[in-house]
Amino acid sequence: MAVYTEVSLGQAQALSTQLQLGTVQSLQPIGSGIENTNYFLSTDAGDWVLTLFERLSAEQLPFYLQLMQHLARHGLPVPEPHADGSGALCHQVAGKPAAVVNRLPGAPVDAPDVHHADQVGATLARMHKAVADFAPYQPNLRGLAWWQATAPAVRPHLGADSAALLDDELAYQLHLAASPTYAQLPHGAVHADLFRDNALFEGLPGRERLCGVFDFYFAGVDSFAFDLGVAINDWCIDDDSGHLDETRANALIAGYRAEREPTGVEWRTLPAMRRAAALRFWLSRLADWHAPRDAALLTPKDPRHFERVLRDCVANPWHPGA
C-alpha cells in the first residue's frame, strides 16, 4: 500500500456519492506496502479502504474482487468490495481502476507468536476449502513465468554468490514445475501474499483473535502448498537470521490441519514450495529495490531478507513434525 496517485476530497466524494456511501468525513493516505495507492476513507455511513490500482487493469480486477466477495460471503474475515447500483465491483478514480472495501477492525502484529501462527494456519485452510466452488480463473501473475522474466533484469545487481543462488533455484523450480509430482498438487485460488502485515488481530496481548485478512491483489490460481509456504516464510521466520522457527511453524501447521488435511504430495513438496515462495519474494523485492517506482509514500523492502530465507530453506529443508 503506497501512494502513487493523489486523490482529492472532491474525487472521493464523487465516488462515495456514486456508491451511496454518504458524506466523506476524512481521506487518509496509507503509506505501507508497495503495489497500489490506498486511502482510509471515512464517511458518515462507515469506514472503508479505497484502492487505486497502479498495475492491474480493469479487465484483471474482477477475479480479485469476486474472490474477496466469495470468501467474505463464506464467512471468512475478508473485506467485501462495495458494488455500485449496477452490481459492478470495479470503479474509476483519477483515471485509475479502483475499489472500495469495508475497513476491518484490528491491527497487524509485528512479532507473531504461536497463537497468531495457529490462527493464520486455520484461516488459510478455511480459505483453501472455501474456493472449491469459486469458478473464475486467473493464474498467479507472480508465478514461474514472472520469475523467468524478472531474473535476468535483477541478476546484474547481484554478487557472484547471490547470482549463483538465483540461477540454481530457478533451475530447480523449473524442473519441479515440469514434474509429475507438481501436477498432482491440489490447486485453487490462493491469497499468495499472506504476510503478517496483511492480517489483523484484536484483543488482549497473548489472547488476540484474528479478525481480518486483506490485500488479495497478488491472488491467483496456484497450489495450496505454495500458499502455505508463503505464510510459513513470514509468520514463522526469525527476522534477523532468516531461520525457521519450528515452534511457530508447527503451530501454523496444526491450525491448518484442524481445518484441512494436506494430501501426501503436499506434505512431500512443502520444503520445495517454501523455496518457491522465498524465490518469488526475493525476486519481487530485488525488482522493487533496483527499479523503484515514483510514489508519494514508498519504502522498498530489503531483498536480502528473502535471500537469507531462501538459503535457509535450501540448507535446512523442514517437514512438519520432523
# chains A, B, ... in the order shown; residues from 1 in each chain; ligands from 1

call {"tool": "closest_atom_pairs", "arguments": {"of": "range 179-286 of chain A", "to": "range 145-160 of chain A", "cutoff": "9 Å", "atoms": "only C-alpha atoms", "output": "JSON lines"}}
result
{"residue": "A:Leu279", "atom": "CA", "partner": "A:Trp147", "partner_atom": "CA", "distance": 8.2}
{"residue": "A:Arg280", "atom": "CA", "partner": "A:Trp147", "partner_atom": "CA", "distance": 6.7}
{"residue": "A:Leu283", "atom": "CA", "partner": "A:Ala151", "partner_atom": "CA", "distance": 6.9}
{"residue": "A:Ser284", "atom": "CA", "partner": "A:Thr150", "partner_atom": "CA", "distance": 8.1}
{"residue": "A:Leu286", "atom": "CA", "partner": "A:Val154", "partner_atom": "CA", "distance": 6.3}

call {"tool": "residues_around", "arguments": {"residues": "range 215-222 of chain A", "least_positions_apart": "5", "cutoff": "6 Å", "atoms": "only C-alpha atoms", "output": "PyMOL selection string"}}
result
chain A and resi 138-140+187-192

call {"tool": "residues_around", "arguments": {"residues": "Ser16 in chain A", "least_positions_apart": "3", "cutoff": "10 Å", "atoms": "only C-alpha atoms", "output": "list in words"}}
result
Gly10, Gln11, Ala12, Gln13, Leu19, Gln20, Leu21, Gly22, Thr23, Val24, Leu41, Ser42, Thr43, Ala45, Asp84 and Val100 of chain A

call {"tool": "write_last_selection", "arguments": {"atoms": "C-alpha atoms", "output": "PDB file, in the first residue's frame"}}
result
ATOM      1  CA  GLY A  10     -13.835  16.027  -4.305  1.00  0.00           C
ATOM      2  CA  GLN A  11     -12.897  12.871  -6.202  1.00  0.00           C
ATOM      3  CA  ALA A  12     -13.507  10.789  -3.106  1.00  0.00           C
ATOM      4  CA  GLN A  13     -16.894  12.394  -2.572  1.00  0.00           C
ATOM      5  CA  LEU A  19     -21.721   4.119  -4.274  1.00  0.00           C
ATOM      6  CA  GLN A  20     -24.247   5.680  -1.893  1.00  0.00           C
ATOM      7  CA  LEU A  21     -21.744   5.705   0.970  1.00  0.00           C
ATOM      8  CA  GLY A  22     -22.674   9.145   2.281  1.00  0.00           C
ATOM      9  CA  THR A  23     -20.665  12.283   3.017  1.00  0.00           C
ATOM     10  CA  VAL A  24     -16.879  11.987   3.159  1.00  0.00           C
ATOM     11  CA  LEU A  41     -11.974   6.634   3.616  1.00  0.00           C
ATOM     12  CA  SER A  42     -14.413   7.626   6.362  1.00  0.00           C
ATOM     13  CA  THR A  43     -17.971   8.736   5.661  1.00  0.00           C
ATOM     14  CA  ALA A  45     -22.043   5.756   6.827  1.00  0.00           C
ATOM     15  CA  ASP A  84     -22.431   0.265  -7.370  1.00  0.00           C
ATOM     16  CA  VAL A 100     -13.848   0.310  -2.109  1.00  0.00           C
TER      17      VAL A 100
END

call {"tool": "atom_distance", "arguments": {"atom1": "CA of Phe195 in chain A", "atom2": "CA of His175 in chain A"}}
result
27.0 Å

call {"tool": "closest_residue", "arguments": {"among": "A:Cys211, A:Ala14, A:Leu71, A:Met127", "to": "Leu104 in chain A", "atoms": "only C-alpha atoms"}}
result
A:Cys211

call {"tool": "decode", "arguments": {"residues": "range 29-43 of chain A", "atoms": "all heavy atoms", "output": "tab-separated table (two decimals), in the first residue's frame"}}
result
chain	number	residue	atom	x	y	z
A	29	PRO	N	-4.16	8.99	3.46
A	29	PRO	CA	-3.32	8.09	2.67
A	29	PRO	C	-2.65	7.04	3.55
A	29	PRO	O	-2.30	7.29	4.70
A	29	PRO	CB	-2.29	9.03	2.04
A	29	PRO	CG	-2.26	10.22	2.93
A	29	PRO	CD	-3.65	10.37	3.48
A	30	ILE	N	-2.47	5.86	2.98
A	30	ILE	CA	-1.81	4.75	3.68
A	30	ILE	C	-0.43	4.56	3.07
A	30	ILE	O	-0.30	4.37	1.86
A	30	ILE	CB	-2.64	3.45	3.55
A	30	ILE	CG1	-4.07	3.67	4.02
A	30	ILE	CG2	-1.99	2.33	4.34
A	30	ILE	CD1	-4.98	2.48	3.77
A	31	GLY	N	0.58	4.60	3.89
A	31	GLY	CA	1.95	4.58	3.39
A	31	GLY	C	2.62	3.24	3.36
A	31	GLY	O	3.70	3.10	2.78
A	32	SER	N	2.04	2.21	3.95
A	32	SER	CA	2.69	0.90	3.97
A	32	SER	C	2.44	0.17	2.66
A	32	SER	O	1.49	0.47	1.93
A	32	SER	CB	2.17	0.07	5.14
A	32	SER	OG	0.78	-0.14	5.03
A	33	GLY	N	3.28	-0.81	2.36
A	33	GLY	CA	3.12	-1.60	1.15
A	33	GLY	C	3.77	-0.95	-0.05
A	33	GLY	O	4.36	0.12	0.04
A	34	ILE	N	3.65	-1.58	-1.22
A	34	ILE	CA	4.43	-1.13	-2.36
A	34	ILE	C	3.67	-1.12	-3.68
A	34	ILE	O	4.17	-0.57	-4.66
A	34	ILE	CB	5.69	-2.01	-2.55
A	34	ILE	CG1	5.28	-3.47	-2.73
A	34	ILE	CG2	6.65	-1.84	-1.40
A	34	ILE	CD1	6.42	-4.40	-3.07
A	35	GLU	N	2.50	-1.70	-3.78
A	35	GLU	CA	1.94	-2.02	-5.08
A	35	GLU	C	0.89	-1.03	-5.58
A	35	GLU	O	0.94	-0.63	-6.73
A	35	GLU	CB	1.34	-3.43	-5.02
A	35	GLU	CG	1.18	-4.13	-6.32
A	35	GLU	CD	2.46	-4.35	-7.11
A	35	GLU	OE1	3.56	-4.37	-6.53
A	35	GLU	OE2	2.33	-4.47	-8.34
A	36	ASN	N	-0.08	-0.65	-4.75
A	36	ASN	CA	-1.20	0.19	-5.17
A	36	ASN	C	-1.28	1.45	-4.34
A	36	ASN	O	-0.57	1.62	-3.34
A	36	ASN	CB	-2.51	-0.60	-5.04
A	36	ASN	CG	-2.52	-1.85	-5.91
A	36	ASN	OD1	-2.25	-1.79	-7.10
A	36	ASN	ND2	-2.80	-2.99	-5.30
A	37	THR	N	-2.17	2.35	-4.75
A	37	THR	CA	-2.47	3.54	-3.95
A	37	THR	C	-3.65	3.22	-3.05
A	37	THR	O	-4.68	2.73	-3.50
A	37	THR	CB	-2.82	4.72	-4.87
A	37	THR	OG1	-1.64	5.12	-5.58
A	37	THR	CG2	-3.34	5.91	-4.06
A	38	ASN	N	-3.50	3.52	-1.76
A	38	ASN	CA	-4.54	3.19	-0.79
A	38	ASN	C	-4.83	4.36	0.14
A	38	ASN	O	-3.92	5.10	0.54
A	38	ASN	CB	-4.12	2.00	0.07
A	38	ASN	CG	-4.12	0.70	-0.71
A	38	ASN	OD1	-5.11	-0.01	-0.73
A	38	ASN	ND2	-3.00	0.38	-1.35
A	39	TYR	N	-6.10	4.51	0.47
A	39	TYR	CA	-6.55	5.52	1.42
A	39	TYR	C	-7.56	4.91	2.38
A	39	TYR	O	-8.36	4.04	1.99
A	39	TYR	CB	-7.26	6.67	0.69
A	39	TYR	CG	-6.37	7.60	-0.10
A	39	TYR	CD1	-6.00	7.29	-1.40
A	39	TYR	CD2	-5.91	8.79	0.45
A	39	TYR	CE1	-5.19	8.13	-2.14
A	39	TYR	CE2	-5.10	9.65	-0.28
A	39	TYR	CZ	-4.75	9.31	-1.57
A	39	TYR	OH	-3.94	10.16	-2.30
A	40	PHE	N	-7.50	5.36	3.63
A	40	PHE	CA	-8.61	5.13	4.55
A	40	PHE	C	-9.67	6.19	4.25
A	40	PHE	O	-9.37	7.39	4.27
A	40	PHE	CB	-8.17	5.24	6.01
A	40	PHE	CG	-7.32	4.10	6.47
A	40	PHE	CD1	-6.15	4.34	7.19
A	40	PHE	CD2	-7.68	2.78	6.23
A	40	PHE	CE1	-5.37	3.30	7.63
A	40	PHE	CE2	-6.89	1.73	6.67
A	40	PHE	CZ	-5.73	1.98	7.37
A	41	LEU	N	-10.86	5.75	3.95
A	41	LEU	CA	-11.97	6.63	3.62
A	41	LEU	C	-13.04	6.51	4.69
A	41	LEU	O	-13.57	5.42	4.91
A	41	LEU	CB	-12.54	6.25	2.24
A	41	LEU	CG	-13.83	6.94	1.78
A	41	LEU	CD1	-13.57	8.43	1.55
A	41	LEU	CD2	-14.36	6.28	0.51
A	42	SER	N	-13.35	7.62	5.35
A	42	SER	CA	-14.41	7.63	6.36
A	42	SER	C	-15.56	8.51	5.88
A	42	SER	O	-15.33	9.63	5.40
A	42	SER	CB	-13.88	8.15	7.70
A	42	SER	OG	-12.94	7.26	8.25
A	43	THR	N	-16.77	7.97	5.99
A	43	THR	CA	-17.97	8.74	5.66
A	43	THR	C	-18.93	8.67	6.84
A	43	THR	O	-18.68	7.95	7.81
A	43	THR	CB	-18.66	8.17	4.40
A	43	THR	OG1	-19.32	6.94	4.76
A	43	THR	CG2	-17.66	7.91	3.29
